[in-house]
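Trainee: Before we start, here is the structure in question, set down as structure tokens.
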Amino acid sequence: MSLPAPGLGSDRLFGPGRASGTAALPGSEGPRPRTALPVYGGAPRHLVAHLLRLAAGASALGQPVDWVLDLQVEIETWLAENAAPGGCLALRMVLHLDQGLLAAQLEPLPTSPQPYRLAVMAHPLGARRADPLVPHKGLSGPWGVEVLAAVRPLGVEDALLLWPDGTLAETAIASVGVEFAGTLTLPPAQGRVASLAERLDLPSWAETRHLKLVVAGMPLVQARQGQVWCMNALRGIWPAMLL
């Protein structure tokens with residue numbers, strides 16, 4: 001991959017590896033720290049939290065980086081130069097640790113269709129629920145893409161994934177919660193991708209709706225009695241329906 005000119009284009013490489021002038025990056029399908037966030041009018045939402053997420057993923061792989069947080073101002077400048085005022089974009093970032101690079105890409109900001117229908121299936125990483133790498137986004141390979149490819153021919157948008165004990169885990173792209181009788185129940189964190197939307201955006205969202213947040217295992221039959229909500233950093237928080 002040739003390096004884009006500074007400040008131009010929808011793709012950009014950051015980090016100490018840029019000093020080489022060019023870089024040949026492998027495909028981004030393998031296990032490597034990644035994250036995605038919305039950019040509104042050139043301003044990235046929770047950028048520092050997303051950079052910390054990338055750094056945590058690198059540390060989990062035993063390859064800590066001391067330069068990722070230093071990229072904040074450079075990334076913000078690039079975004080301000082490339083985003084139209086009032087425009088909404090998605091920023092996807094992937095760490096290539098062996099080359100000292102952070103690859104950034106701007107795309108249209110996705111939205112969630114309504115109704116957002118969920119098929120039910122077993123979580124493909126059910127046997128790895130205790131694996132300390134699983135909560136770090138991108139370190140378990142493209143399992144989410146594979147789930148979507150399996151269920152979308154069924155005419156649904158996503159899949160509600162269940163642990164081997166039959167309790168709710170997450171979807172291919174989002175964390176989930178179930179609203180019932182004034183509470184919003186979230187699955188325990190173990191084994192699922194750590195959600196920045198759940199940590200940073202959900203508390204105020206729930207407060208405005210007078211919902212009490214509860215963490216507990218929930219069987220599918222109980223989830224069908226309430227309203228399922230999905231959440232991720234790009235799309236926010238949106239309702240879903242189970243099939």
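Within each chain, counting starts at residue 1; across the structure tokens, chains are named A, B, ... in the order shown, with ligands numbered 1 upward in that order.
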Write out as a PDB file with N, CA, C and O atoms, in the first residue's frame the residues lying within 8 Å of Gly138 (chain A), counting only C-alpha atoms and excluding same-chain residues fewer than 6 positions away.

Mentor:
ATOM      1  N   GLY A  30      -7.183 -10.848   9.667  1.00  0.00           N
ATOM      2  CA  GLY A  30      -6.618 -11.656  10.736  1.00  0.00           C
ATOM      3  C   GLY A  30      -6.776 -11.004  12.089  1.00  0.00           C
ATOM      4  O   GLY A  30      -7.306  -9.897  12.219  1.00  0.00           O
ATOM      5  N   PRO A  31      -6.307 -11.681  13.141  1.00  0.00           N
ATOM      6  CA  PRO A  31      -6.410 -11.112  14.488  1.00  0.00           C
ATOM      7  C   PRO A  31      -5.433  -9.965  14.702  1.00  0.00           C
ATOM      8  O   PRO A  31      -4.223 -10.155  14.692  1.00  0.00           O
ATOM      9  N   ARG A  32      -5.956  -8.770  14.848  1.00  0.00           N
ATOM     10  CA  ARG A  32      -5.174  -7.590  15.183  1.00  0.00           C
ATOM     11  C   ARG A  32      -6.098  -6.556  15.803  1.00  0.00           C
ATOM     12  O   ARG A  32      -7.278  -6.522  15.511  1.00  0.00           O
ATOM     13  N   PRO A  33      -5.580  -5.738  16.704  1.00  0.00           N
ATOM     14  CA  PRO A  33      -6.435  -4.757  17.382  1.00  0.00           C
ATOM     15  C   PRO A  33      -7.122  -3.834  16.380  1.00  0.00           C
ATOM     16  O   PRO A  33      -6.486  -3.313  15.470  1.00  0.00           O
ATOM     17  N   ARG A  34      -8.417  -3.629  16.596  1.00  0.00           N
ATOM     18  CA  ARG A  34      -9.175  -2.763  15.699  1.00  0.00           C
ATOM     19  C   ARG A  34     -10.282  -2.060  16.465  1.00  0.00           C
ATOM     20  O   ARG A  34     -10.682  -2.486  17.549  1.00  0.00           O
ATOM     21  N   THR A  35     -10.790  -0.995  15.874  1.00  0.00           N
ATOM     22  CA  THR A  35     -11.902  -0.281  16.482  1.00  0.00           C
ATOM     23  C   THR A  35     -12.557   0.567  15.407  1.00  0.00           C
ATOM     24  O   THR A  35     -12.015   0.755  14.313  1.00  0.00           O
TER      25      THR A  35
END

Trainee: As a PyMOL selection string, please: the residues near region 199-206 of chain A (cut-off 8 Å, only C-alpha atoms, same-chain neighbours under 6 positions excluded).

Mentor: chain A and resi 184+212-213+236-237

Trainee: Taking the DSSP assignment computed from this structure's backbone, write out as a ChimeraX atom specification all residues of region 66-145 of chain A that belong to alpha helix (DSSP H).

Mentor: /A:72-82,143-145

Trainee: Can those selected residues be exported to a file as a PDB file, in the first residue's frame so that it contains C-alpha atoms?

Mentor:
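The resulting selection.pdb:
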ATOM      1  CA  GLN A  72      -4.559  11.892  18.835  1.00  0.00           C
ATOM      2  CA  VAL A  73      -3.790  15.375  17.524  1.00  0.00           C
ATOM      3  CA  GLU A  74      -2.541  14.107  14.153  1.00  0.00           C
ATOM      4  CA  ILE A  75      -5.698  12.035  13.648  1.00  0.00           C
ATOM      5  CA  GLU A  76      -7.962  14.899  14.703  1.00  0.00           C
ATOM      6  CA  THR A  77      -6.200  17.246  12.267  1.00  0.00           C
ATOM      7  CA  TRP A  78      -6.555  14.767   9.410  1.00  0.00           C
ATOM      8  CA  LEU A  79     -10.253  14.285  10.143  1.00  0.00           C
ATOM      9  CA  ALA A  80     -10.903  18.022  10.309  1.00  0.00           C
ATOM     10  CA  GLU A  81      -9.274  18.432   6.902  1.00  0.00           C
ATOM     11  CA  ASN A  82     -11.222  15.598   5.270  1.00  0.00           C
ATOM     12  CA  TRP A 143     -16.039 -14.411  13.479  1.00  0.00           C
ATOM     13  CA  GLY A 144     -18.618 -11.609  13.303  1.00  0.00           C
ATOM     14  CA  VAL A 145     -18.350 -11.427   9.524  1.00  0.00           C
TER      15      VAL A 145
END

Trainee: Which polymer residues have any atom within 8 Å of an atom of region 61-67 of chain A, counting only C-alpha atoms, with same-chain residues fewer than 3 positions away left out, as a list in words?

Mentor: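 Near region 61-67 of chain A, the qualifying residues are Gly15, Pro16, Ala55, Ala56, Gly57, Ala58, Asp70, Leu71, Leu97 and Leu133 of chain A.
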
Trainee: Suppose we keep N, CA, C and O atoms; can you now write the selection as an mmCIF file, in the first residue's frame?

Mentor:
data_model
loop_
_atom_site.group_PDB
_atom_site.id
_atom_site.type_symbol
_atom_site.label_atom_id
_atom_site.label_comp_id
_atom_site.auth_asym_id
_atom_site.auth_seq_id
_atom_site.Cartn_x
_atom_site.Cartn_y
_atom_site.Cartn_z
ATOM 1 N N GLY A 15 1.732 6.528 12.698
ATOM 2 C CA GLY A 15 2.641 5.757 13.530
ATOM 3 C C GLY A 15 4.076 5.817 13.073
ATOM 4 O O GLY A 15 4.388 6.308 11.980
ATOM 5 N N PRO A 16 4.992 5.291 13.878
ATOM 6 C CA PRO A 16 6.424 5.370 13.564
ATOM 7 C C PRO A 16 6.807 4.639 12.286
ATOM 8 O O PRO A 16 7.816 4.968 11.663
ATOM 9 N N ALA A 55 -4.595 0.178 22.210
ATOM 10 C CA ALA A 55 -3.405 -0.056 23.028
ATOM 11 C C ALA A 55 -3.602 -1.257 23.947
ATOM 12 O O ALA A 55 -2.671 -2.052 24.162
ATOM 13 N N ALA A 56 -4.809 -1.411 24.489
ATOM 14 C CA ALA A 56 -5.092 -2.561 25.351
ATOM 15 C C ALA A 56 -5.015 -3.861 24.569
ATOM 16 O O ALA A 56 -4.519 -4.875 25.076
ATOM 17 N N GLY A 57 -5.492 -3.844 23.329
ATOM 18 C CA GLY A 57 -5.389 -5.036 22.496
ATOM 19 C C GLY A 57 -3.947 -5.408 22.216
ATOM 20 O O GLY A 57 -3.578 -6.583 22.243
ATOM 21 N N ALA A 58 -3.121 -4.402 21.954
ATOM 22 C CA ALA A 58 -1.702 -4.661 21.719
ATOM 23 C C ALA A 58 -1.048 -5.256 22.959
ATOM 24 O O ALA A 58 -0.256 -6.209 22.875
ATOM 25 N N ASP A 70 -0.186 9.136 21.334
ATOM 26 C CA ASP A 70 0.451 10.326 20.784
ATOM 27 C C ASP A 70 -0.113 10.707 19.414
ATOM 28 O O ASP A 70 0.173 11.795 18.903
ATOM 29 N N LEU A 71 -0.929 9.831 18.819
ATOM 30 C CA LEU A 71 -1.481 10.098 17.488
ATOM 31 C C LEU A 71 -2.745 10.949 17.532
ATOM 32 O O LEU A 71 -3.264 11.340 16.487
ATOM 33 N N LEU A 97 0.967 -4.132 14.282
ATOM 34 C CA LEU A 97 2.003 -3.986 15.303
ATOM 35 C C LEU A 97 3.398 -4.272 14.768
ATOM 36 O O LEU A 97 4.365 -3.612 15.157
ATOM 37 N N LEU A 133 -8.207 -13.057 25.528
ATOM 38 C CA LEU A 133 -8.088 -12.266 24.309
ATOM 39 C C LEU A 133 -9.441 -11.884 23.721
ATOM 40 O O LEU A 133 -9.563 -10.885 22.998
#
